[in-house]
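So this one's protein17.cif, mmCIF, C-alpha atoms and all ligand atoms:
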data_coords
#
loop_
_atom_site.label_atom_id
_atom_site.label_comp_id
_atom_site.auth_asym_id
_atom_site.auth_seq_id
_atom_site.Cartn_x
_atom_site.Cartn_y
_atom_site.Cartn_z
CA MET A 1 47.05 71.77 -19.97
CA GLU A 2 45.68 74.72 -18.07
CA ASP A 3 41.91 74.73 -17.58
CA PRO A 4 40.55 77.61 -19.71
CA TRP A 5 37.85 78.21 -17.10
CA GLN A 6 40.07 78.15 -14.00
CA LYS A 7 39.91 81.91 -13.54
CA ALA A 8 36.12 81.88 -13.90
CA TYR A 9 35.88 79.06 -11.34
CA ASP A 10 38.06 80.81 -8.77
CA PHE A 11 36.08 83.99 -9.31
CA ALA A 12 32.77 82.13 -8.84
CA VAL A 13 33.94 80.74 -5.50
CA ALA A 14 34.90 84.24 -4.31
CA VAL A 15 31.62 85.78 -5.54
CA ALA A 16 29.56 83.03 -3.88
CA ARG A 17 31.33 83.71 -0.57
CA LYS A 18 30.68 87.45 -0.89
CA ALA A 19 27.00 86.81 -1.76
CA GLY A 20 26.65 84.48 1.24
CA ALA A 21 27.98 87.18 3.57
CA GLU A 22 25.34 89.57 2.19
CA ILE A 23 22.61 87.00 2.85
CA ARG A 24 23.80 86.41 6.44
CA LYS A 25 23.80 90.15 7.08
CA ALA A 26 20.36 90.64 5.51
CA GLY A 27 18.95 87.84 7.70
CA GLU A 28 19.68 89.96 10.78
CA SER A 29 17.19 92.68 9.75
CA GLU A 30 13.48 92.52 9.13
CA ILE A 31 12.64 90.74 5.85
CA ARG A 32 9.77 91.96 3.67
CA VAL A 33 8.30 89.02 1.78
CA MET A 34 6.79 89.17 -1.71
CA THR A 35 5.47 86.35 -3.89
CA LYS A 36 6.00 85.16 -7.49
CA SER A 37 4.28 82.21 -9.26
CA SER A 38 2.12 81.31 -6.23
CA THR A 39 1.50 82.50 -2.68
CA VAL A 40 4.14 80.05 -1.44
CA ASP A 41 6.77 81.00 -4.05
CA LEU A 42 8.57 83.66 -2.02
CA VAL A 43 10.99 86.40 -3.01
CA THR A 44 12.66 89.24 -1.10
CA LYS A 45 14.70 92.32 -1.88
CA THR A 46 17.73 90.29 -0.79
CA ASP A 47 17.19 87.74 -3.61
CA GLU A 48 17.11 90.58 -6.13
CA ARG A 49 20.02 92.52 -4.60
CA VAL A 50 22.28 89.46 -4.25
CA GLU A 51 21.57 88.40 -7.84
CA LYS A 52 22.51 91.90 -9.00
CA ILE A 53 25.75 91.76 -7.00
CA ILE A 54 26.67 88.36 -8.49
CA ILE A 55 25.80 89.18 -12.11
CA GLY A 56 27.28 92.68 -11.82
CA SER A 57 30.61 91.28 -10.55
CA LEU A 58 30.70 88.61 -13.27
CA LYS A 59 29.93 91.12 -16.02
CA GLU A 60 32.62 93.45 -14.75
CA GLU A 61 35.18 90.64 -14.73
CA PHE A 62 34.25 88.75 -17.91
CA GLY A 63 32.50 91.29 -20.09
CA GLU A 64 28.84 91.53 -20.94
CA GLY A 65 28.94 90.54 -24.60
CA THR A 66 30.72 87.20 -24.47
CA HIS A 67 29.08 85.63 -21.42
CA CYS A 68 25.34 84.98 -20.95
CA PHE A 69 23.42 84.88 -17.68
CA ILE A 70 20.42 82.90 -16.44
CA GLY A 71 19.48 84.14 -12.98
CA GLU A 72 16.35 83.17 -11.04
CA GLU A 73 15.26 86.73 -10.33
CA SER A 74 16.16 88.06 -13.81
CA VAL A 75 14.05 85.31 -15.39
CA ALA A 76 11.20 86.17 -12.99
CA LYS A 77 11.38 89.69 -14.41
CA GLY A 78 11.12 88.45 -18.01
CA GLU A 79 14.74 87.77 -19.04
CA PRO A 80 15.10 84.71 -21.33
CA CYS A 81 15.92 81.31 -19.89
CA ILE A 82 17.61 79.70 -22.89
CA LEU A 83 20.83 77.72 -22.74
CA THR A 84 22.94 78.33 -25.86
CA ASP A 85 26.48 77.24 -26.75
CA LYS A 86 27.85 80.53 -25.38
CA PRO A 87 29.57 80.58 -21.99
CA THR A 88 26.58 80.86 -19.63
CA TRP A 89 26.31 81.48 -15.89
CA ILE A 90 23.32 79.88 -14.16
CA ILE A 91 22.57 81.51 -10.81
CA ASP A 92 20.27 81.04 -7.84
CA PRO A 93 21.16 83.88 -5.45
CA VAL A 94 19.15 82.57 -2.47
CA ASP A 95 18.19 78.91 -2.42
CA SER A 96 15.82 78.52 -0.57
CA THR A 97 14.08 81.83 -0.07
CA THR A 98 11.51 80.12 2.17
CA ASN A 99 14.28 78.97 4.53
CA PHE A 100 15.84 82.45 4.46
CA VAL A 101 12.53 84.10 5.36
CA HIS A 102 11.82 81.66 8.18
CA GLY A 103 15.36 81.48 9.57
CA PHE A 104 15.53 77.75 8.76
CA PRO A 105 19.26 77.19 8.76
CA PHE A 106 19.94 75.98 5.19
CA VAL A 107 20.35 78.70 2.59
CA ALA A 108 22.69 78.43 -0.38
CA VAL A 109 24.15 80.54 -3.15
CA SER A 110 24.29 78.43 -6.31
CA ILE A 111 26.48 79.37 -9.28
CA ALA A 112 27.11 77.14 -12.29
CA PHE A 113 28.89 77.73 -15.57
CA ALA A 114 28.18 75.99 -18.88
CA VAL A 115 29.93 76.13 -22.27
CA ASN A 116 28.50 74.46 -25.38
CA LYS A 117 25.60 73.42 -23.14
CA GLU A 118 27.97 71.37 -20.99
CA LEU A 119 28.35 72.22 -17.31
CA GLU A 120 31.99 73.10 -16.62
CA PHE A 121 31.78 73.82 -12.89
CA GLY A 122 29.42 74.37 -10.01
CA VAL A 123 29.72 76.21 -6.71
CA VAL A 124 27.21 75.88 -3.86
CA TYR A 125 27.91 78.00 -0.80
CA SER A 126 25.73 76.91 2.12
CA CYS A 127 26.13 80.29 3.72
CA LEU A 128 24.52 79.81 7.14
CA GLU A 129 26.59 76.68 7.76
CA ASP A 130 29.59 78.35 6.08
CA LYS A 131 30.26 75.30 3.88
CA MET A 132 31.69 75.77 0.38
CA TYR A 133 30.88 72.92 -2.02
CA LYS A 134 32.50 73.07 -5.44
CA ALA A 135 33.47 70.97 -8.45
CA GLN A 136 35.04 71.40 -11.88
CA ARG A 137 34.29 68.89 -14.64
CA GLY A 138 36.77 66.01 -14.44
CA LYS A 139 38.47 67.22 -11.25
CA GLY A 140 36.45 65.78 -8.36
CA ALA A 141 34.15 67.45 -5.86
CA PHE A 142 35.05 69.21 -2.64
CA CYS A 143 33.55 70.63 0.54
CA ASP A 144 35.80 73.24 2.14
CA ASP A 145 38.67 71.87 0.03
CA GLU A 146 38.21 68.28 1.31
CA PRO A 147 37.30 65.71 -1.41
CA ILE A 148 33.75 64.37 -1.15
CA GLN A 149 32.28 61.11 -2.42
CA VAL A 150 28.76 59.69 -2.76
CA SER A 151 27.77 56.76 -0.54
CA ASP A 152 28.41 53.19 -1.72
CA VAL A 153 25.00 51.87 -0.58
CA LYS A 154 23.36 49.74 -3.29
CA ASP A 155 20.47 48.34 -1.27
CA ILE A 156 17.53 50.76 -1.34
CA ASN A 157 16.43 49.37 2.06
CA GLN A 158 19.61 50.85 3.54
CA SER A 159 19.11 54.31 2.07
CA ILE A 160 17.94 57.78 3.05
CA ILE A 161 16.29 59.77 0.29
CA ILE A 162 15.22 63.39 -0.13
CA SER A 163 12.15 64.74 -1.86
CA GLU A 164 10.91 68.30 -1.59
CA HIS A 165 7.35 69.50 -2.19
CA GLY A 166 7.94 72.48 -4.49
CA THR A 167 5.80 75.59 -4.74
CA ASP A 168 2.88 74.38 -6.87
CA ARG A 169 0.07 73.51 -4.46
CA SER A 170 -2.59 72.41 -6.92
CA PRO A 171 -4.31 69.44 -5.22
CA GLU A 172 -3.66 67.01 -8.14
CA LYS A 173 0.09 67.69 -8.02
CA VAL A 174 0.29 67.55 -4.23
CA THR A 175 -1.58 64.21 -4.32
CA LYS A 176 0.97 62.78 -6.78
CA ILE A 177 3.91 64.15 -4.77
CA PHE A 178 2.62 62.58 -1.55
CA SER A 179 1.71 59.31 -3.24
CA THR A 180 5.28 59.13 -4.59
CA ILE A 181 6.69 59.89 -1.15
CA GLN A 182 4.44 57.27 0.47
CA LYS A 183 5.44 54.58 -2.04
CA ASN A 184 9.13 55.35 -1.61
CA LEU A 185 8.86 55.41 2.17
CA CYS A 186 7.13 52.02 2.11
CA ILE A 187 9.81 50.32 -0.04
CA PRO A 188 10.95 50.74 2.82
CA VAL A 189 13.88 53.15 3.01
CA HIS A 190 15.62 54.08 6.24
CA GLY A 191 14.19 57.58 6.08
CA LEU A 192 13.15 60.65 4.19
CA ARG A 193 14.85 64.01 4.71
CA GLY A 194 15.01 67.44 3.11
CA SER A 195 16.92 70.65 3.80
CA GLY A 196 14.45 72.78 1.81
CA THR A 197 17.10 73.81 -0.71
CA ALA A 198 17.69 71.78 -3.85
CA ALA A 199 21.27 73.04 -4.11
CA THR A 200 22.16 71.89 -0.59
CA ASN A 201 20.20 68.66 -1.02
CA MET A 202 22.35 67.79 -4.01
CA CYS A 203 25.48 68.41 -1.96
CA LEU A 204 24.10 66.01 0.66
CA VAL A 205 23.94 63.35 -2.08
CA ALA A 206 27.51 64.28 -3.04
CA THR A 207 28.85 63.86 0.52
CA GLY A 208 27.09 60.51 0.98
CA ALA A 209 24.80 61.80 3.76
CA VAL A 210 21.82 60.64 1.69
CA GLU A 211 21.60 58.30 -1.30
CA ALA A 212 19.24 60.23 -3.57
CA LEU A 213 17.15 63.30 -4.22
CA PHE A 214 14.32 63.70 -6.71
CA GLU A 215 11.97 66.52 -7.57
CA ILE A 216 9.61 67.53 -10.37
CA GLY A 217 9.20 71.29 -10.68
CA ILE A 218 12.68 72.49 -9.71
CA HIS A 219 14.40 74.98 -12.03
CA CYS A 220 17.76 74.92 -13.79
CA TRP A 221 19.21 77.48 -11.34
CA ASP A 222 18.30 75.25 -8.35
CA ILE A 223 20.27 72.26 -9.66
CA ALA A 224 22.90 73.29 -12.24
CA ALA A 225 25.76 73.77 -9.76
CA GLY A 226 24.70 70.75 -7.71
CA ALA A 227 24.64 68.62 -10.86
CA VAL A 228 28.38 69.09 -11.39
CA ILE A 229 29.09 68.46 -7.71
CA VAL A 230 27.06 65.21 -7.63
CA LYS A 231 28.67 63.90 -10.84
CA GLU A 232 32.17 64.75 -9.70
CA ALA A 233 31.51 63.04 -6.37
CA GLY A 234 30.77 59.83 -8.32
CA GLY A 235 26.98 60.12 -8.48
CA ILE A 236 24.53 60.14 -11.36
CA LEU A 237 21.73 62.33 -12.70
CA LEU A 238 18.69 61.13 -14.60
CA ASP A 239 15.30 62.35 -15.68
CA VAL A 240 12.56 61.03 -13.36
CA ASP A 241 11.53 58.59 -16.13
CA GLY A 242 15.04 57.09 -16.31
CA GLU A 243 15.95 58.92 -19.52
CA PRO A 244 19.07 61.15 -19.69
CA PHE A 245 19.10 64.21 -17.45
CA ASP A 246 17.97 67.41 -19.14
CA LEU A 247 18.81 70.59 -17.19
CA MET A 248 15.88 72.53 -18.64
CA SER A 249 13.19 69.86 -18.13
CA ARG A 250 12.47 70.68 -14.45
CA ARG A 251 12.63 66.95 -13.63
CA MET A 252 15.57 65.39 -11.87
CA ILE A 253 16.76 62.48 -9.82
CA SER A 254 20.31 62.51 -8.53
CA ALA A 255 21.66 59.47 -6.77
CA ASN A 256 24.79 57.71 -5.60
CA ASN A 257 24.31 55.01 -8.26
CA GLU A 258 21.95 53.72 -10.94
CA THR A 259 20.58 50.84 -8.85
CA ILE A 260 19.23 53.25 -6.25
CA ALA A 261 17.98 55.74 -8.86
CA LYS A 262 16.13 53.12 -10.91
CA ARG A 263 14.43 51.64 -7.83
CA ILE A 264 13.11 55.08 -6.81
CA ILE A 265 12.04 55.87 -10.38
CA LYS A 266 9.68 52.84 -10.30
CA GLU A 267 7.64 54.64 -7.63
CA ILE A 268 7.62 58.17 -9.07
CA GLU A 269 4.25 59.47 -10.24
CA ILE A 270 5.09 61.96 -12.95
CA PHE A 271 3.02 65.10 -13.50
CA PRO A 272 3.46 67.69 -16.26
CA VAL A 273 5.55 70.84 -15.80
CA VAL A 274 6.43 73.56 -18.30
CA ARG A 275 10.11 73.46 -19.30
CA ASP A 276 12.38 76.31 -18.21
CA ASP A 277 13.21 77.09 -21.85
CA ALA A 278 9.57 77.05 -23.05
CA PRO A 279 8.40 80.18 -24.86
CA ILE A 280 7.10 82.80 -22.41
CA GLU A 281 3.48 82.46 -23.60
CA LYS A 282 3.48 78.79 -22.43
CA LYS A 283 4.62 79.66 -18.89
O1 LIG A 301 13.75 79.10 -2.92
P1 LIG A 301 14.00 78.87 -4.35
O2 LIG A 301 15.30 79.43 -4.80
O3 LIG A 301 12.86 79.29 -5.23
O4 LIG A 301 14.20 77.28 -4.58
C1 LIG A 301 13.42 76.19 -4.10
C2 LIG A 301 12.42 75.78 -5.13
O5 LIG A 301 11.60 76.84 -5.50
C3 LIG A 301 11.55 74.64 -4.62
O6 LIG A 301 10.74 74.18 -5.67
C4 LIG A 301 12.37 73.45 -4.16
O7 LIG A 301 11.54 72.49 -3.58
C5 LIG A 301 13.43 73.84 -3.23
O8 LIG A 301 14.19 72.72 -2.93
C6 LIG A 301 14.22 74.90 -3.98
O9 LIG A 301 15.48 74.93 -3.64
MG MG A 302 16.25 77.86 -5.77
#
Output the file's structure in the form of structure tokens.
Ligand SMILES: O=P(O)(O)O[C@H]1[C@H](O)[C@@H](O)[C@H](O)[C@@H](O)[C@@H]1O
Ligand SMILES: [Mg+2]
Amino acid sequence: MEDPWQKAYDFAVAVARKAGAEIRKAGESEIRVMTKSSTVDLVTKTDERVEKIIIGSLKEEFGEGTHCFIGEESVAKGEPCILTDKPTWIIDPVDSTTNFVHGFPFVAVSIAFAVNKELEFGVVYSCLEDKMYKAQRGKGAFCDDEPIQVSDVKDINQSIIISEHGTDRSPEKVTKIFSTIQKNLCIPVHGLRGSGTAATNMCLVATGAVEALFEIGIHCWDIAAGAVIVKEAGGILLDVDGEPFDLMSRRMISANNETIAKRIIKEIEIFPVVRDDAPIEKK
């Protein structure tokens, strides 16, 4: 049977490529940096422009009424961040903006699509490396059309893991983040890494370059596309307390298998974050 979302998927891949070309071009000129939730939560005109290009193209192709959109920069401007049963696009136009601003060579366009709250496909275009990661539910995961697979390491002592630091620099949270990192490092694991972009980090789990990634404080647009790619590459997603993964909770561990995930979870010091779908007055 033909996949009802095949056309949407193919379109998403093309739009991600076009958005990535815009980001590469914008990186050649001077970048004016603005801030959002904190002085280290950066945004640029390119984030806003690229999101407009992506959402504009999708609306033109699929109609405004039937499809919904959750985009990082639209939400920052007050648009709702609620996942309903309607076909919904979840978009991070520039992940990570910090890398983009500094010329650190990992920047991704992340586009996911959910129907009935289930993720149907995800596309992550690592535009400076020119690598296209993509996956449709039930059809495997690919990088530049080559199938990808998570690593088969089961021994945590043989693993590399990723944890990022996020953009909330309140001392209590930073203390917990570093305590978690210290405890994981001392398990010991072979190493800790991080590309600075959650979307690309998830693809690194999917290719088997690292065994796991965890973060508290990420947003649904950082991880929705990567979630499909990790799952389709044979990996798993969980909440940082071992409960089922919840896209809107801002807490996520993705790993090559449950043994690795559960071992890391033992060391994670959880701190509170406000859900992506919380009412605006709680944010
Ligand atoms: O740069 P953005 O798109 O805001 O995403 C980053 C996020 O804000 C940080 O919390 C994470 O640590 C990064 O990995 C994200 O990708
Ligand atoms: Mg992001």
Shell of 7 Å around region 179-190 of chain A, only C-alpha atoms, local chain residues under 3 positions omitted, as a ChimeraX atom specification:
/A:156-160,175-176,264,267-269
Quick one: write out the picked residues with C-alpha atoms as a PDB file, in the frame of the given file?
ATOM      1  CA  ILE A 156      17.530  50.760  -1.340  1.00  0.00           C
ATOM      2  CA  ASN A 157      16.430  49.370   2.060  1.00  0.00           C
ATOM      3  CA  GLN A 158      19.610  50.850   3.540  1.00  0.00           C
ATOM      4  CA  SER A 159      19.110  54.310   2.070  1.00  0.00           C
ATOM      5  CA  ILE A 160      17.940  57.780   3.050  1.00  0.00           C
ATOM      6  CA  THR A 175      -1.580  64.210  -4.320  1.00  0.00           C
ATOM      7  CA  LYS A 176       0.970  62.780  -6.780  1.00  0.00           C
ATOM      8  CA  ILE A 264      13.110  55.080  -6.810  1.00  0.00           C
ATOM      9  CA  GLU A 267       7.640  54.640  -7.630  1.00  0.00           C
ATOM     10  CA  ILE A 268       7.620  58.170  -9.070  1.00  0.00           C
ATOM     11  CA  GLU A 269       4.250  59.470 -10.240  1.00  0.00           C
TER      12      GLU A 269
END
Check your understanding: Given a cut-off of 7 Å, what residues near ligand MG 302 (chain A) show up using all atoms listed in the file, put as a list in words?
Key ->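 Checking all atoms listed in the file against ligand MG 302 (chain A) at 7 Å gives Asp92, Val94, Asp95, Ser96, Thr197, Ala198, Trp221 and Asp222 of chain A.
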(request) Return the single residue from A:Asp41, A:Glu211, A:Glu172, A:Glu22 that is closest to ligand LIG 301 (chain A), with distances computed using all atoms listed in the file. (result)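 Nearest candidate to ligand LIG 301 (chain A) out of A:Asp41, A:Glu211, A:Glu172, A:Glu22: A:Asp41.
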Protein and nucleic acid residues within 8 Å of ligand LIG 301 (chain A) (all atoms listed in the file) as JSON, numbers by chain = {"A": [41, 42, 43, 72, 92, 93, 94, 95, 96, 97, 98, 99, 163, 164, 165, 166, 167, 168, 195, 196, 197, 198, 199, 200, 201, 215, 217, 218, 219, 221, 222]}
query: Hey, what's within 9 Å of Val230 (chain A) if we count all atoms listed in the file and toss same-chain stuff fewer than 6 positions away? As a list in words, please?
result: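 Once the adjacent positions are removed, what remains is Ala135, Ala141, Gln149, Val150, Met202, Cys203, Leu204, Val205, Ala206, Thr207, Ile236, Leu237, Ser254, Ala255 and Asn256 of chain A.
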#### Entry: Shortest interatomic distance to Gly71 (chain A) - which of A:Arg169, A:His102, A:Lys86, A:Lys52, counting all atoms listed in the file
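Nearest to Gly71 (chain A): A:Lys52.
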**Asked** So how many Å separate CA of Cys220 (chain A) and CA of Ile31 (chain A), to one decimal?
**Response**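 CA of Ile31 (chain A) lies at a distance of 25.7 Å from CA of Cys220 (chain A).
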Draw an axis-aligned box tight on the listed atoms of region 65-80 of chain A, then pad every side by 8 Å and write out centre and edge lengths in Å to one decimal as lines of an AutoDock Vina configuration file.
center_x = 20.9
center_y = 86.7
center_z = -17.5
size_x = 35.6
size_y = 23.6
size_z = 30.3
Listing only residues of region 158-272 of chain A within 7 Å of region 119-133 of chain A, what is the closest atom pair and its distance in Å (to one decimal) for each, using all atoms listed in the file, sorted by chain and residue number ascending, as a tab-separated table?
residue	atom	partner	partner_atom	distance
A:Ala199	CA	A:Val124	CA	6.6
A:Thr200	CA	A:Ser126	CA	6.7
A:Ala224	CA	A:Gly122	CA	7.0
A:Ala225	CA	A:Gly122	CA	3.7
A:Gly226	CA	A:Gly122	CA	6.4
A:Val228	CA	A:Gly122	CA	5.6
A:Ile229	CA	A:Gly122	CA	6.4
* To do: Have a look at CA of Ile23 (chain A) and CA of Asp144 (chain A) and let me know their distance in Å, one decimal.
  =>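 Between CA of Ile23 (chain A) and CA of Asp144 (chain A) the gap is 19.1 Å.
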| query | How many Å lie between CA of Arg193 (chain A) and CA of Gly27 (chain A), rounded to one decimal? | reply |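 CA of Gly27 (chain A) lies 24.4 Å from CA of Arg193 (chain A).
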Distance query 8 Å from (6.8, 69.7, -17.2) using only C-alpha atoms, result as a list in words: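 Output of the proximity query reads Ile216, Gly217, Ser249, Arg250, Arg251, Phe271, Pro272, Val273, Val274 and Arg275 of chain A.
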With distances taken over all atoms listed in the file, the candidate from A:Asn116, A:Ile270, A:Ser37, A:Glu61 nearest Lys7 (chain A) is A:Glu61
Select, from A:Ile55, A:Val101, A:Met248, A:Ile91, the residue with the minimum atom-to-atom distance to Met34 (chain A), counting all atoms listed in the file.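 Closest to Met34 (chain A), using all atoms listed in the file: A:Val101.
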